[in-house]
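Here's the structure we're looking at; comments come further down.
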Amino acid sequence: MDLQNTVKEALNALYHHPDDAVRMQADRYLQDFQRTLDAWQVADNLLHDSSSNLETLIFCSQTLRSKVQRDFEELPSTAFRPLRDSLNNLLKKFHKGHPKVRTQISIAVAALAVHVPAEDWGDGGIVKWLRDEMDSHPEYIPGFLELLTVLPEEVLNYKIAARPERRRQFEKELTSQIEVALNILTACLAISELKEQVLEAFASWLRLKHGIPGSVLCTHPLVLTALSSLNSEFLSEASVNVISELIHYTAAGGIDGVSANMPLVQVIVPKVMNLKTQLSDSTKDEEDVKAIARLFADMGDSYVELIATGSNESMLIVHALLEVASHPEYDIASMTFNFWHSLQLNLTRRESYVQYGNEASIEAERNRRLLVFRPAYESLVSLVSFRVQYPEDYQDLSYEDLKEFKQTKYAVADVLTDAASVLGGDATLRILYMKLLEAVAGHGNNEHKDWRPAEAALFCIRAISNYVSVVEAEVMPQIMALLPKLPPQPQLLQTVCLTIGAYSKWLDSASCGVSILPSVLNILMKGMGTSEECAAAAALAFRHICDDCRKKLCGTLLQGLFHVYNTTVNGEDSVKVPAEESLHLVEALSVVVTELPPDDAKEALKLLCLPIMSHLQEAINQGPEILSKRPSRQLTIHIDRFAYIFRFVNHPEAVAETIRLLWPIFKAIFDLRAWDMRTMESLCRACKYAVRTSGRLMGDTIGAMLEEIQSLYMQHHQPCFLYLSSEVIKIFGSDPSCADYLKNLIEALFQHTTRLLTSIQEFTARPDIADDCFLLASRCIRYCPQLFIPSPVLPSLVDCSMIGITVQHREASKSILHFLADIFDLANSAIGAQFIPTRDHIIIPRGASITRILVASLTGALPKSRVDVVSYTLLALTRAYGSQALEWAKESVLLIPSTAITDVERSRFLAALSDAASGGDTNGLIVPVEEFSDVCRRNRAVQEIVQEALRPLELNLGIVS
C-alpha cells in the first residue's frame, strides 16, 4: 500500500506540481519504478482499484503493457494463468472505459500470447480462448473486439522480448486460426453498432496476408459488407481500410499473387471504379475524396505490373489516376506519384519484357507499351507542372511552409523525370516550352507582369535536363535566347541561373553554344550581384559551365572569367556570393586552368593563387599575437580555396611548385594555430589535395610537412594530422626511398596515440583521434605492410583496439573493427601473406579475448546497427584461425548463462560461424547472427546478464604496453 501511495503521489507531482525540478524528479522515480519487480503487482492493484483516477489508470495500464512486452521472463512459469485472468478481468472492467486504458490492456494480452505457446491457452490457442470468452460473456464483446484487432498487429512488434523462433511460431499460430477469427467477426456483424469495429479488426487480420484464397474471400460476408458500404452516402473509414488491405492482400507475391486472387480482384476493381465520379464531385467531403483517391492509388501501386500491359481495362485505372493527379489539393494528387514512378520503371526496364524472348520481340512490345502510355504521361506533365508555382503570398510564408513548398517542388521534379523517361526528354521539353511561352506572352517591357508562371515553367525545364539530348536543336536555342529577356526578379533570376547550369552539357555540345556563352555568363554575373540566394545559384551554375564547357572557355572568355573570380575572392561589394559558395568559382576556374597547356597553366595558377595568398600573407604580417587571436573562419575560407585549387588543377608539376612557394605561409599558420582544430582541419585538407595531385613531385616539401605535423601532433593531438599522414602513406607507402622516414613517422604517431587511448573513457573523450588512428593503421596494412606489420608498435595498437572496440562513437568503432578485419584478412593480399607468422605471433595470444569482445559487441556492448560490421570482423577472424577461432567463440558463448540463451540458440550460432568459416555462403551467417544478437538483447535484464558474463572491458586491463 505504501508503494501504491508513493506512485500516486509521484503521478500527482508529475502532472500538477508547479516546480519543473519536482516534476522531473517524479518522472525519474516513475521510470525507475517501471523497471522493478514490484511494478507488476502495484500496477495491477491500482488498475483494479475503483478509486484510481484517469492519470493513474493510464500510467498503470502502460506499465503493465510494457512489463508484459519486455519483462515477462521476470515472472515464474506459474504466473501465466493468474496474469492472464487478471488482464481478462481488466478487459471486462474497462470494456466501456477510457479507450487509452483499454487499448494498453489489449496490447498486454496480445503480448502475453506472443510469449506463451498456444497449448498453454488451451486447445486452439488465444483465438479460440477469445472466442469462448466472447460466447460466455457477450456483454463484453466490444472490449474483446479490440483485443482481436491488436492480436495480428503484434506479430511484427519487436518491442516484445520474445525469441525469434517463438515469434515465428506465433505468426503460424495466428495464420492457422485466421478462419476462426473471421468467423468471430462475421458473427459480430449482427450487432449493427459494432460494424465499424468489426471491419477495423478484419483489416488488421488481412495484414497477415496469409490463409484464405481470393476465391473464398470474394463472397465472404465481411468483404461484401465492406464493399457495400462504399456505396453509402457517408464513406466509412473502416470499410476503406478493409478494401485497401484487400487490394494489398491480392497483390502479395507480385503478379503471381494477383493471378491467384483474380476472383477477388474482379470483385474489388469494379466497385472502386464506380467511385471515380465522386473524385470531381464538389459537394463531396474532402476526407471522403481523399479516401477514394487512396483506393485508386492503392490499386495503381498494387496492380502496376498488370496495368503496364496497356490493356483496355488497365487504361481505365490509369485515367482514374490521372483524375486523382488533377485534383486541386496537392495531398490528394500526390497520392499517385509513386504509381507513375513504378509504372515508368515497368515500362522502361528490360526485365519487364524477358518473357517475350528475342530482342526484336522485346523491343516491339516495349515500343507498343510506350506508345499506349504516351498520352497519359503527356497529360501528367501538364497536370503537375503548375504545382511548383510560387504562391502569391510567398513572401509571408513561414519557414515550415516554405520548407513544405520546396518538398512539393522536388516531388514534382521526380514525377517530371518519370515522364521524361517514358516520353523522352526532348518531347517533354516541348510540352514545358509551350508552358514557358504562355507564361512570358505579353511580358514585353512590362516589368510588373507576374513572374511566377515563368519561374515554374523554368523549374520544370531544369528538372528534366538530364533527359534532354545534347544535340536538341529545336527548343533549347529558343529557351536560351529567351532567358536574357526575362525580368530580373530575384526568385526568377535564381531559377534562370540554375537552369543555365543544368544545361551546361547542352551548351558544350550545341553548335550555337559558343555564340550563346557570352550572354549566359552575363546573366550569371547579374545573378551574382542580385541577392545571396541568387548569387549562390549563379556560382553553382558557373561551376557547371566551366566544368562542361572548359575547352570553349580557354580562349577569349578566360580574362572575363578571371575578372569574375577576382571580384568574388576579394569580396567586392558588387558581388553577393556567400563565402562558402565562392568555392564553386574556385573549382570552376581550376578545371578551366587544367585544360591549358603546361606553361600557360603555371601562369594561370599563379593568378588563381595570388589574391588568396595576399589575404593570408596580410594576416601573417599582422604578427603572431593577432594571427593567433583571429576567428578560424577568417583563415579557413582562404585555405579552403587553396584546397579546391590543389584538388581541381590537374597539373602536378605546377601544383608542386605552388605548394613550395606557399609552404612558408602554411608553416606559419601550422606553428601559430596548431591548437585550433578548425584551422588545422582546413590546412591539412589543402595539404592532402596538394599531395594527392603532386605526388612524388613535391620533393622536399613533403618532408618538411610531415616533420611539422609529427612534431605538432605530439603537442596538440589534432586528429587531422593522422588523416593527412594516411594520405601520404597511400601515395608514398610503396616508395623504398621513403621507407626509413615513413617508418619513423608511423611509429611515432602510433606510439603517441596508444599512450593517449588507454581506457574506454579516453576513446569516448577522443573519438576522432581513435577514428583517424585506425584509418591510418588500415592504410598502412594496405600500402606499406612491410613497414607496419614488423613494427614494434603493432602489438600495442592491437591492444589499444581491444580497449576501444566497444566505444559508442559509430565511426571510431567501425574504424577499429575494419582495422582488425584487415589484419585477419592479411592472407588475402599477395604482399600480406608473407607477414602471416608475425601477425599470428601477435593475434593468437590475444585471440580468445578479441573473440569474447566481438561476441560481447554482437550481444549488446555495441548498438544493433553495428551488428553487420562486428559480424564481418568475427567472420574474418574465424576464417583466419579456423577451428582455433571456433574454440574461442565456443568458450565465449558458453560463458553466457542459460537464463539468457538456450543450448539450441548457442549451437545454431556456432554452427553458422563454422559453416561460414569453412567457405560456406556468408549470407547464411546473417540470420543466425542477427537472431543470436536479438535473443541476447531482447530486454534490458537479459542484456545485462550477457554483458556481466562476458565483461568485455575487463579483458584487456594491463595488456597495453
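Residue numbering restarts at 1 in every chain; chains get A, B, ... in the order shown in the C-alpha cells, and ligands count up from 1 in that same order.
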
What's the 7 Å shell around stretch 312-325 of chain A, counting only C-alpha atoms, without same-chain residues fewer than 3 positions away, as a PDB file with C-alpha atoms, in the first residue's frame?
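The result, stored in part.pdb:
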```pdb
ATOM      1  CA  LYS A 276     -14.493   7.694 -59.967  1.00  0.00           C
ATOM      2  CA  LEU A 279     -13.431  12.442 -57.271  1.00  0.00           C
ATOM      3  CA  ALA A 293      -8.145   8.686 -54.037  1.00  0.00           C
ATOM      4  CA  PHE A 296      -7.225   4.303 -56.622  1.00  0.00           C
ATOM      5  CA  ALA A 297      -3.590   4.897 -55.597  1.00  0.00           C
ATOM      6  CA  ILE A 307      -1.609  -2.112 -65.719  1.00  0.00           C
ATOM      7  CA  ILE A 332      -4.675  14.107 -52.819  1.00  0.00           C
ATOM      8  CA  ALA A 333      -2.944  14.498 -56.185  1.00  0.00           C
ATOM      9  CA  SER A 334       0.431  13.383 -54.796  1.00  0.00           C
ATOM     10  CA  THR A 336      -0.493   8.916 -57.363  1.00  0.00           C
ATOM     11  CA  LEU A 380       0.599  14.159 -66.406  1.00  0.00           C
ATOM     12  CA  LEU A 383      -1.233  18.344 -64.658  1.00  0.00           C
TER      13      LEU A 383
END
```

Atomic distance atom CA of A:Leu817 - atom CA of A:Cys773, expressed in Å with one decimal: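 Computed distance, atom CA of A:Leu817 to atom CA of A:Cys773, equals 12.3 Å.
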
Within 9 Å of A:Asn88 using only C-alpha atoms, minus same-chain residues under 6 positions, as a list in words: Ile105, Ser106 and Val109 of chain A

12 Å contact set for A:Met335, only C-alpha atoms, chain neighbours under 4 positions out, as a list in words: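 So the residues in contact are Val289, Lys290, Ala291, Ile292, Ala293, Arg294, Leu295, Phe296, Ala297, Asp298, Met299, Gly300, Asp301, Leu321, Leu322, Glu323, Val324, Ala325, Ser326, His327, Glu329, Tyr330, Asp331, Phe339, Trp340, His341, Ala411, Val412 and Val415 of chain A.
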
Which of stretch 287-372 of chain A fall in alpha helix (DSSP H), as a ChimeraX atom specification: /A:287-302,304-307,312-325,330-333,337-348,359-372

Keeping only C-alpha atoms, write the selected residues as a compact mmCIF listing (two decimals), in the first residue's frame.
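Saved the output as result-v7.txt:
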```txt
# COMPACT_ATOMS: atom_id res chain seq x y z
CA GLU A 287 -11.86 13.40 -46.36
CA ASP A 288 -14.13 11.15 -48.45
CA VAL A 289 -12.40 12.26 -51.65
CA LYS A 290 -9.06 11.56 -50.01
CA ALA A 291 -10.24 8.06 -49.04
CA ILE A 292 -11.42 7.34 -52.61
CA ALA A 293 -8.14 8.69 -54.04
CA ARG A 294 -6.25 6.41 -51.65
CA LEU A 295 -8.10 3.36 -53.03
CA PHE A 296 -7.22 4.30 -56.62
CA ALA A 297 -3.59 4.90 -55.60
CA ASP A 298 -3.52 1.50 -53.83
CA MET A 299 -4.89 -0.19 -56.96
CA GLY A 300 -2.28 1.54 -59.10
CA ASP A 301 0.61 0.59 -56.79
CA SER A 302 -0.55 -3.00 -56.28
CA VAL A 304 1.14 -1.85 -61.67
CA GLU A 305 2.53 -4.92 -63.47
CA LEU A 306 -0.91 -5.74 -64.87
CA ILE A 307 -1.61 -2.11 -65.72
CA ASN A 312 -8.25 -1.53 -72.20
CA GLU A 313 -9.28 -2.42 -68.62
CA SER A 314 -5.99 -1.23 -67.15
CA MET A 315 -6.23 2.10 -69.01
CA LEU A 316 -9.50 2.80 -67.16
CA ILE A 317 -7.50 2.71 -63.91
CA VAL A 318 -4.81 4.96 -65.47
CA HIS A 319 -7.44 7.55 -66.47
CA ALA A 320 -8.87 7.45 -62.94
CA LEU A 321 -5.38 8.03 -61.54
CA LEU A 322 -4.94 10.99 -63.90
CA GLU A 323 -8.14 12.38 -62.42
CA VAL A 324 -6.69 11.99 -58.93
CA ALA A 325 -3.47 13.68 -60.13
CA TYR A 330 -1.78 18.54 -53.53
CA ASP A 331 -2.14 16.00 -50.68
CA ILE A 332 -4.68 14.11 -52.82
CA ALA A 333 -2.94 14.50 -56.19
CA PHE A 337 3.16 9.95 -57.64
CA ASN A 338 4.52 6.60 -56.53
CA PHE A 339 2.37 4.85 -59.17
CA TRP A 340 3.74 6.97 -62.04
CA HIS A 341 7.27 6.14 -60.90
CA SER A 342 6.57 2.38 -60.61
CA LEU A 343 4.81 2.36 -63.97
CA GLN A 344 7.73 4.18 -65.60
CA LEU A 345 10.18 1.60 -64.24
CA ASN A 346 7.96 -1.19 -65.51
CA LEU A 347 7.70 0.34 -68.98
CA THR A 348 11.38 1.17 -69.41
CA GLU A 359 15.44 -8.86 -78.78
CA ALA A 360 13.18 -7.94 -81.69
CA SER A 361 10.03 -9.08 -79.82
CA ILE A 362 11.16 -7.32 -76.65
CA GLU A 363 11.77 -4.06 -78.50
CA ALA A 364 8.45 -4.30 -80.35
CA GLU A 365 6.47 -4.88 -77.14
CA ARG A 366 8.36 -2.11 -75.33
CA ASN A 367 7.60 0.38 -78.12
CA ARG A 368 3.95 -0.69 -78.17
CA ARG A 369 3.55 -0.07 -74.46
CA LEU A 370 5.39 3.26 -74.55
CA LEU A 371 3.04 4.37 -77.31
CA VAL A 372 -0.04 3.29 -75.32
```
